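Inspection log for the structure reproduced underneath, given as structure tokens.
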Amino acid sequence: MTLTSVFTTGPVPDRLTPLSGDDPRVIGPYRIAGRIGSGGMGAVYAAVDGSGACVAVKVVHSEHAADPDYRARFAREVDLLTRVRGACTAGVRAADTAGGTPWLATEYVPGKTLREHVHDEGPLGQGMLLALAAGIAEALVAVHGAGIVHRDLKPGNVILSPDGPKVLDFGIARAGDETAVTATGVLVGTPGWIPPEVYRGAEPDSRADMFAWGGLIAFAAAGRNPYGTAAPDILAFRAMEERPDLDGVPADLLPLVERAMSADPAQRPAAAEALRAVGGLWERRRAGPAAAGDGAEDGAAAGGEPALTRLLETEWTGVLPPAAARPATGVPKALVALAAAVSLVIAVTVGYVARGVVAEDRSWITGEVSAGGGTAEGRDAQGGPADTGGGGGGQGGAESADGTAGAGDDGRSATNGPYVTAVDGDDTFVLTNEGRVTWTIQLIGAAAADDGVRFTAIAGYQGVRAAQLVAEQFAVSSGGRDYPARDENLTNYLDAFQASDTVSFSVPGAPDTGRLSVRGAQYTEGGPGAPPMSVCYEVADGFSADTERCG
């Protein structure tokens with residue numbers, strides 16, 4: 001029995017990219033209000049239905065709509081999403097996979113991701129923590145009840161909406177009876193959230209999702225990843241050989257979380273059992289010490305759907321709508337997260353390719369371009385800095401193959417030996433090595449912040465080694481001054497199978513208009529690495545490759 005959703009859809013956000021001449025005005029029953037973002041596989045729009053409720057509509061680009069194999073994969077993903085009907089999942093509103101332009105509409109979920117919320121506000125209080133645990137468990141009841149395994153539960157895939165948690169991103173979800181479609185030896189999931197048996201070669205099943213459920217509760221309770229932060233191979237070793245860090249989990253909830261993160265999949269509770277146990281624990285807490293019992297395992301039968309509804313209504317507090325939580329400038333973070341999640345429904349199964357990058361007539365692309373290839377940039381698997389391409393000086397300061405500094409012939413790229421940094425369209429940086437794309441960074445928001453400007457982007461990685469994007473690769477220049485970004489990690493270590501991640505970074509002191517540049521992490525004049533390239537930005541107005549407009 002599926003719990004009726006207790007969530008509402010919000011109004012259209014007030015900051016969206018205006019529609020261009022090529023953008024649709026109507027998709028199915030929805031009127032398009034503005035563009036949230038665009039990637040290699042399609043564009044995501046904010047739209048309204050006949051009642052005025054906001055939805056997110058993903059529209060497939062025409063070149064992919066003409067590919068029968070791609071359309072079949074898209075239809076498969078839509079089918080998976082349509083099967084899931086839970087209170088704590090983002091529901092599919094409508095879809096058309098057979099028409100000339102395939103599209104998918106999902107409900108708009110306002111709020112920060114769990115990782116963003118913990119980063120900004122700290123660990124959850126005990127009541128909120130139980131509400132989170134129950135909400136995610138309910139989502140997994142719905143997912144597993146539909147015969148689906150999520151396979152990529154992590155803090156970035158859970159949105160804390162004003163009314164409760166929502167599980168997003170079924171981009172690499174798979175029906176439980178399907179054969180894996182990934183290449184042999186390719187691990188699906190995010191290091192640090194993958195259970196030990198999957199590292200040892202087992203197919204992920206519902207018990208793998210419950211392992212990640214336990215990790216999410218531990219993260220929300222303590223503000224730390226259960227296996228820390230490290231290179232993927234180190235995280236794999238920790239998951240297989242060490243116990244997770246569960247310090248900070250409340251004592252009465254700890255036995256359930258320990259079971260969920262057991263190295264033995266047979267010891268883990270099913271999602272329905274976890275939901276009942278959390279509900280029972282909450283009821284006992286409310287009843288006082290006399291009814292406390294021996295912990296979360298005692299009252300399994302007391303939980304369930306009514307308890308979840310009451311739990312959310314009572315304990316889910318302190319989560320403000322995005323408009324109330326932030327200044328109304330730039331693209332709302334909630335829409336950014338939703339855009340990334342909806343994009344992954346399409347992007348992950350076929351490989352993320354930047355918009356236009358595969359066009360062989362691009363003057364800055366040479367040799368083979370493939371979604372899975374390339375030489376990795378970023379911080380390598382041992383944690384040492386390799387070349388990621390991002391931040392730093394102004395446009396044109398690159399070094400060419402003959403050792404002289406220079407820009408590409410088209411004015412939209414900079415070269416340094418085998419490394420090229422290019423601007424695709426007005427808003428996307430593309431980094432290549434020997435003709436193969438490694439990073440794509442699509443800028444989707446520039447918002448005024450208390451100390452400067454905060455930028456938001458969707459970063460896609462296509463290399464063959466683990467790599468990480470860091471904020472120090474970005475900088476703003478204006479009026480003869482340079483403003484470096486605040487030093488922070490923007491992504492976890494990404495592998496080739498991890499298509500994209502939404503990132504946000506602050507540039508203290510940056511003015512409302514200027515040049516935003518990106519460079520290789522180890523780039524120095526005369527040395528190796530992706531050279532600097534820049535675009536013009538204006539707060540709340542967007543980006544332009546015409547850097548003359550910003551001086």
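In the structure tokens, chains take the letters A, B, ... in the order shown, each chain's residues start at 1, and ligands count up from 1 in the order shown.
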
Can you pull out every residue within 6 Å of segment 116-124 of chain A, counting only C-alpha atoms, but drop anything in the same chain fewer than 2 positions away, and send it as a list of chain:residue names?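 So, after excluding close chain neighbours, the residues are A:Lys112, A:Thr113, A:Leu114, A:Met128, A:Leu129, A:Ala220, A:Ala221, A:Ala222, A:Gly223.
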
Contacts of Ser262 of chain A at 10 Å or less, counting only C-alpha atoms, minus same-chain residues fewer than 3 places along, as a list in words?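 Answer for this query is Pro195, Pro196, Met210, Phe211, Gly214, Arg243, Pro244, Leu256, Val257, Glu258, Arg259, Pro265, Ala266, Gln267, Arg268 and Pro269 of chain A.
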
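If you count only C-alpha atoms and ignore residues fewer than 3 places along the chain from segment 95-98 of chain A, what sits within 8 Å of it is Arg71, Phe74, Ala75, Val78, Val92, Thr101, Pro102, Trp103, Leu104 and Ala105 of chain A.
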
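If only C-alpha atoms are the atoms counted, then among A:Ala236, A:Ile32, A:Ala530, A:Val109 the closest residue to Gly91 of chain A is A:Val109.
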
Show me, as a PyMOL selection string, the residues that have an atom within 6 Å of segment 154-169 of chain A when counting only C-alpha atoms, minus same-chain residues fewer than 5 positions from it. chain A and resi 88-89+110-115+135+319-321+341

Write to file, as a tab-separated table (two decimals), in the first residue's frame, the residues of the selection just made, with N, CA and C atoms.
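selection21.tsv, written as the output of this step:
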chain	number	residue	atom	x	y	z
A	88	CYS	N	7.86	9.92	-0.32
A	88	CYS	CA	9.18	10.51	-0.20
A	88	CYS	C	10.05	10.27	-1.43
A	89	THR	N	9.40	10.15	-2.59
A	89	THR	CA	10.10	10.14	-3.87
A	89	THR	C	9.51	11.25	-4.74
A	110	PRO	N	11.40	21.65	-3.87
A	110	PRO	CA	12.24	22.74	-3.35
A	110	PRO	C	13.06	22.28	-2.16
A	111	GLY	N	14.26	22.79	-2.03
A	111	GLY	CA	15.07	22.48	-0.86
A	111	GLY	C	16.50	22.15	-1.20
A	112	LYS	N	17.33	22.10	-0.16
A	112	LYS	CA	18.74	21.73	-0.30
A	112	LYS	C	18.87	20.20	-0.29
A	113	THR	N	19.98	19.72	-0.82
A	113	THR	CA	20.29	18.31	-0.65
A	113	THR	C	20.69	18.08	0.81
A	114	LEU	N	20.66	16.83	1.22
A	114	LEU	CA	21.07	16.50	2.58
A	114	LEU	C	22.50	16.96	2.83
A	115	ARG	N	23.38	16.77	1.86
A	115	ARG	CA	24.78	17.19	2.05
A	115	ARG	C	24.86	18.70	2.21
A	135	GLY	N	11.49	8.72	6.41
A	135	GLY	CA	11.15	9.16	5.06
A	135	GLY	C	11.93	8.41	3.99
A	319	VAL	N	13.18	23.56	8.16
A	319	VAL	CA	13.58	23.53	6.75
A	319	VAL	C	12.74	24.57	6.02
A	320	LEU	N	13.36	25.67	5.64
A	320	LEU	CA	12.64	26.76	4.99
A	320	LEU	C	12.59	26.57	3.49
A	321	PRO	N	11.55	27.08	2.83
A	321	PRO	CA	11.54	27.08	1.37
A	321	PRO	C	12.75	27.85	0.86
A	341	ALA	N	19.42	16.15	-11.07
A	341	ALA	CA	18.82	14.83	-10.84
A	341	ALA	C	18.04	14.36	-12.05

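Note that the spacing between atom CA of Ile36 of chain A and atom CA of Ala545 of chain A amounts to 19.0 Å.
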
All strand (DSSP E) positions in segment 115-162 of chain A, as a list of chain:residue names: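 Matching residues for strand (DSSP E) in segment 115-162 of chain A are A:Ile148, A:Val149, A:Val158, A:Ile159, A:Leu160, A:Ser161.
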